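K.L.:
I have a structure I would like to understand better, so I am pasting it below and will then ask my questions one at a time.
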Amino acid sequence: MYLGFRAFALAFLLLTLLHTTVGALTRVDVGGGIGVDFSRISSDDYLGLESKPGVRIDGTLELGLSERLSVSTGVGFSQKGGRSAHFYEEVIILPRGTSGVSEITFDFDYLTLPLAAKLGFPLGDGDADRLRPYLEAGAEIGFLLSAKQTFEYTSPDGSVEYDAKDGSKLIDLSARFSAGLELPLGAATRSFLELGFVTGLTDVREEFPDDGFAHSNWRNETVYLQLGLLRTVGGQLRGVESSERAFPR
């Protein structure tokens with residue numbers, strides 16, 4: 001109930017920001033990026049979980065409020081989870097006829113909706129060749145698409161995969177921080193390279209009385225690196241009449 005209220009509050013904040021700033025935009029940018037997630041699961045108890053690679057795809061809508069400040073949102077896809085080769089067999093329940101776990105992997109796939117404030121620091125004198133480092137901070141809501149748990153065995157050799165969606169929470173609320181660099185590619189297009197960190201604020205698992213794992217407040221933590229493009233599609237400069245709308249470079 002409390003998590004649902006926070007998700008509603010974040011959506012309401014997004015709508016409020018869009019409503020109050022749309023008349024004062026300096027630009028509107030659309031674009032996206034693709035990259036890699038390095039994610040792990042943190043918990044109150046040590047479970048030996050390590051990071052695993054995954055795919056990150058982000059579609060972006062950026063609303064410029066000034067030369068330096070903007071609000072960004074969009075929709076994306078993120079593969080989170082973790083893996084471990086250090087579980088003690090007494091804390092897991094092995095299927096009958098198997099023994100010797102060499103690795104356990106948890107895979108959580110999310111549809112993500114971010115909302116962040118972005119602060120840029122343009123360098124150079126001309127718009128056409130301005131490098132633009134930036135910092136970004138905000139929140140990210142993840143909607144669970146799938147959850148899987150895979151056991152690699154040494155006896156017999158092979159693996160078994162389980163659907164863990166029923167034991168996973170459908171919403172993952174996180175804080176998101178990033179730093180990046182934009183490089184102009186023309187009058188209205190910019191490429192960017194971004195390094196970010198997403199840390200979970202909520203438990204991703206339901207109570208599992210029979211899966212062999214102690215419930216210990218599992219939270220996703222992700223470091224990601226992505227490369228992408230942004231294109232300015234329009235805007236209206238402050239103080240400019242509607243008949244003189246600008247499409248800034």
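How things are named: the first chain in the structure tokens is A, the next is B, and so on; residues count from 1 in each chain; ligands count from 1 in the order shown.
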With a cut-off of 6 Å, could you pull out the residues of region 135-169 of chain A touching region 199-208 of chain A and give me the nearest pair of atoms for each, distance in Å to one decimal, using only C-alpha atoms, ordered by chain and ascending number, as JSON lines?
P.N.:
{"residue": "A:Gly167", "atom": "CA", "partner": "A:Glu206", "partner_atom": "CA", "distance": 5.0}
{"residue": "A:Ser168", "atom": "CA", "partner": "A:Arg205", "partner_atom": "CA", "distance": 4.2}
{"residue": "A:Lys169", "atom": "CA", "partner": "A:Val204", "partner_atom": "CA", "distance": 5.2}
K.L.:
Show which residues sit within 6 Å of region 144-148 of chain A, as a JSON list (two decimals) with C-alpha atoms, in the first residue's frame. Count only C-alpha atoms, and ignore same-chain residues fewer than 3 positions away.
P.N.:
[["chain", "number", "residue", "atom", "x", "y", "z"],
["A", 106, "PHE", "CA", 18.84, -14.35, -10.29],
["A", 107, "ASP", "CA", 17.49, -12.48, -13.32],
["A", 108, "PHE", "CA", 14.98, -9.64, -12.98],
["A", 109, "ASP", "CA", 13.81, -7.85, -16.16],
["A", 110, "TYR", "CA", 12.11, -4.47, -15.71],
["A", 162, "TYR", "CA", 12.71, -21.66, -12.28],
["A", 163, "ASP", "CA", 10.11, -18.95, -12.79],
["A", 164, "ALA", "CA", 10.42, -16.69, -9.73],
["A", 165, "LYS", "CA", 7.91, -14.01, -10.72],
["A", 170, "LEU", "CA", 5.98, -6.19, -9.27]]
K.L.:
So, with only C-alpha atoms as the atoms that count, which of A:Arg68, A:Arg190, A:Lys118, A:Arg176 lies closest to Gly32 (chain A)?
P.N.:
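The closest residue to Gly32 (chain A) is A:Arg190.
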K.L.:
Nearest to Asn220 (chain A) among A:Ile41, A:Leu135, A:Ile104, A:Val36, with distances taken over only C-alpha atoms: which residue is it?
P.N.:
A:Ile41
K.L.:
Could you pull the residues within 7 Å of Glu50 (chain A), counting only C-alpha atoms, minus those fewer than 4 positions along the same chain, as a list in words?
P.N.:
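These residues fall inside the cut-off: Arg40, Gly82, Arg83 and Ser84 of chain A.
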K.L.:
With C-alpha atoms retained, write the just-selected residues as a compact mmCIF listing (two decimals), in the first residue's frame.
P.N.:
# COMPACT_ATOMS: atom_id res chain seq x y z
CA ARG A 40 23.97 -7.19 -7.97
CA GLY A 82 22.88 -11.06 -9.30
CA ARG A 83 24.77 -14.34 -9.16
CA SER A 84 26.85 -16.32 -6.72
K.L.:
Taking the DSSP secondary structure from the backbone, can you list the residues of region 152-188 of chain A that are strand (DSSP E or B), as a ChimeraX atom specification?
P.N.:
/A:152-155,157-163,168,171-184
K.L.:
Just the selected residues (N, CA and C atoms), exported as a compact mmCIF listing (two decimals), in the first residue's frame, please.
P.N.:
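The resulting file, result-v2.txt, is shown below:
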# COMPACT_ATOMS: atom_id res chain seq x y z
N GLU A 152 23.07 -23.86 -11.38
CA GLU A 152 24.05 -24.66 -12.11
C GLU A 152 24.54 -25.76 -11.17
N TYR A 153 24.48 -27.03 -11.62
CA TYR A 153 24.84 -28.17 -10.78
C TYR A 153 26.13 -28.82 -11.26
N THR A 154 26.82 -29.43 -10.33
CA THR A 154 27.98 -30.24 -10.69
C THR A 154 27.62 -31.72 -10.77
N SER A 155 26.49 -32.11 -10.16
CA SER A 155 26.06 -33.50 -10.20
C SER A 155 24.53 -33.58 -10.21
N ASP A 157 25.77 -32.84 -14.21
CA ASP A 157 26.22 -31.61 -14.85
C ASP A 157 25.06 -30.99 -15.64
N GLY A 158 24.80 -29.71 -15.40
CA GLY A 158 23.72 -29.04 -16.11
C GLY A 158 23.12 -27.94 -15.27
N SER A 159 21.96 -27.46 -15.67
CA SER A 159 21.31 -26.36 -14.97
C SER A 159 19.80 -26.54 -14.99
N VAL A 160 19.14 -25.91 -14.02
CA VAL A 160 17.69 -25.91 -13.93
C VAL A 160 17.23 -24.48 -13.71
N GLU A 161 16.22 -24.06 -14.46
CA GLU A 161 15.71 -22.69 -14.38
C GLU A 161 14.29 -22.70 -13.83
N TYR A 162 14.02 -21.78 -12.90
CA TYR A 162 12.71 -21.66 -12.28
C TYR A 162 12.13 -20.28 -12.54
N ASP A 163 10.81 -20.22 -12.69
CA ASP A 163 10.11 -18.95 -12.79
C ASP A 163 9.91 -18.42 -11.37
N SER A 168 8.30 -12.48 -6.51
CA SER A 168 8.98 -11.20 -6.65
C SER A 168 7.95 -10.07 -6.71
N ILE A 171 6.80 -4.04 -8.43
CA ILE A 171 7.31 -2.67 -8.57
C ILE A 171 8.61 -2.54 -7.78
N ASP A 172 9.61 -1.94 -8.43
CA ASP A 172 10.91 -1.69 -7.80
C ASP A 172 11.19 -0.20 -7.89
N LEU A 173 11.22 0.47 -6.77
CA LEU A 173 11.48 1.91 -6.72
C LEU A 173 12.95 2.14 -6.39
N SER A 174 13.62 2.98 -7.20
CA SER A 174 15.07 3.19 -7.05
C SER A 174 15.42 4.67 -7.15
N ALA A 175 16.57 5.02 -6.61
CA ALA A 175 17.19 6.31 -6.85
C ALA A 175 18.22 6.14 -7.97
N ARG A 176 18.34 7.17 -8.82
CA ARG A 176 19.21 7.06 -9.99
C ARG A 176 20.12 8.28 -10.08
N PHE A 177 21.42 8.04 -10.25
CA PHE A 177 22.41 9.11 -10.36
C PHE A 177 23.31 8.80 -11.55
N SER A 178 23.71 9.84 -12.29
CA SER A 178 24.57 9.60 -13.44
C SER A 178 25.40 10.83 -13.75
N ALA A 179 26.46 10.60 -14.50
CA ALA A 179 27.32 11.65 -15.04
C ALA A 179 27.63 11.28 -16.48
N GLY A 180 27.70 12.30 -17.33
CA GLY A 180 27.92 12.00 -18.73
C GLY A 180 28.56 13.14 -19.49
N LEU A 181 28.77 12.90 -20.77
CA LEU A 181 29.38 13.89 -21.65
C LEU A 181 28.64 13.87 -22.97
N GLU A 182 28.17 15.05 -23.42
CA GLU A 182 27.50 15.20 -24.71
C GLU A 182 28.45 15.82 -25.71
N LEU A 183 28.40 15.31 -26.95
CA LEU A 183 29.23 15.81 -28.04
C LEU A 183 28.34 16.12 -29.23
N PRO A 184 28.25 17.39 -29.69
CA PRO A 184 27.41 17.74 -30.83
C PRO A 184 27.87 17.02 -32.10
K.L.:
Which is closer to Phe192 (chain A) than all the others in A:Tyr224, A:Ile141, A:Gly234, A:Pro133, using only C-alpha atoms?
P.N.:
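The closest residue to Phe192 (chain A) is A:Pro133.
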K.L.:
Measuring atom to atom with only C-alpha atoms, identify which of A:Val28, A:Ala139, A:Leu229, A:Thr105 is nearest to Phe151 (chain A).
P.N.:
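Using only C-alpha atoms, Phe151 (chain A) sits closest to A:Thr105.
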K.L.:
Could you check how far CA of Arg132 (chain A) sits from CA of Leu119 (chain A), in Å to one decimal?
P.N.:
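The value is 9.8 Å.
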K.L.:
Hey, can you check how far CA of Ser51 (chain A) sits from CA of Leu115 (chain A)?
P.N.:
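Taking CA of Ser51 (chain A) as the start and CA of Leu115 (chain A) as the end point, the length is 25.1 Å.
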